[in-house]
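J.: What follows is a single structure, and I will ask about it in a moment.
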Amino acid sequence: MTKQGNFIVFEGIDGSGKSTQIQLLADRLRQKNISYYMTMEPTYSPIGSVVHQILAGRVKTDNRVLAALCAADRLDHLLNEIDGIAGKVSDGYTVLSDRYYFSSYAYQGVDMSMDWIIHTNEQSSAILKPTVNIFIDIDADTAMERIMKNRFHQELFEKKSRLQKVRENYLEAFEKLKNSENVLIVDGTKSMEEISEQIWTGVEKYFV
């Protein structure tokens, strides 16, 4: 693979099958001998560790502080000398990330302005815009059904009304981003294989 890889971001509410689709895309890249690197946020940097504690409910703060901490953790993750996203992309890797702008705090920030969320992350997007933002869209009822089947407990934030609000936030955000970034919205209610095909067809045309 030549230098300068790709940066592919997956977003989606809980139950959308995002993790599965990241792995399926990684499998396709491996079969085509494309170097890839999978990463997740929040990280376990000092900032990321605080974010994890907040998300786990051990540290209390308001939504705007949490959003700012997530943006700072993302910037650190982007520029980290060893595992930084920007460095991996410049080395020719296709980086697969499970979030970039929104999902670190989407559940806690359901009532926050998407304009403010995007503004908070402008520094990161100025350094590296995703090759393509993939949103696996799924309705709240199906998401909740999947969550309850695959988890031993239901986190407090995983309620249908909140899932629906987060979905609406994503759609609003991607509507705002579509003129400046590549956005791919995928029907997450289809079979796992059909979703994987949609994603592969969509990302192929954006590969450098």
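Quick note on naming: the chains in the structure tokens go A, B, ... in the order shown, residues restart at 1 in each chain, and ligands are numbered from 1 in order of appearance.
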Hey, could you make a per-residue contact list for segment 101-182 of chain A against segment 68-91 of chain A with 7 Å as the cut-off, showing the nearest pair of atoms and its distance in Å to one decimal, counting only C-alpha atoms, sorted by chain and number, as a tab-separated table?
T.:
residue	atom	partner	partner_atom	distance
A:Ser104	CA	A:Cys70	CA	6.5
A:Thr120	CA	A:Ala71	CA	6.6
A:Asn121	CA	A:Ala71	CA	5.8
A:Ser124	CA	A:Leu75	CA	5.6
A:Leu128	CA	A:Ala86	CA	6.7
J.: Residues of segment 119-180 of chain A within 6 Å of segment 10-32 of chain A: nearest atom pair and distance (Å, one decimal) for each, counting only C-alpha atoms, sorted by chain and number, as CSV?
T.:
residue,atom,partner,partner_atom,distance
A:Ile134,CA,A:Phe10,CA,4.8
A:Phe135,CA,A:Glu11,CA,4.8
A:Ile136,CA,A:Gly12,CA,5.2
A:Ile138,CA,A:Ser16,CA,5.9
A:Ala143,CA,A:Gly15,CA,4.4
A:Arg146,CA,A:Gly15,CA,5.4
A:Ile147,CA,A:Gly15,CA,5.4
J.: When you count only C-alpha atoms, which of these residues is closest to Asp111 of chain A: A:Leu184, A:Val166, A:Val132, A:Leu177?
T.: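 Among the listed residues, the smallest separation from Asp111 of chain A belongs to A:Val166.
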J.: DSSP on the backbone: which residues in segment 12-163 of chain A end up as strand (DSSP E or B)? Give the answer as a ChimeraX atom specification.
T.: /A:36-39,94-97,132-137
J.: Nearest residue to Val51 of chain A out of A:Ala126, A:Leu66, A:Glu193, A:Val9, using only C-alpha atoms?
T.: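 Of A:Ala126, A:Leu66, A:Glu193, A:Val9, the one nearest Val51 of chain A is A:Leu66, counting only C-alpha atoms.
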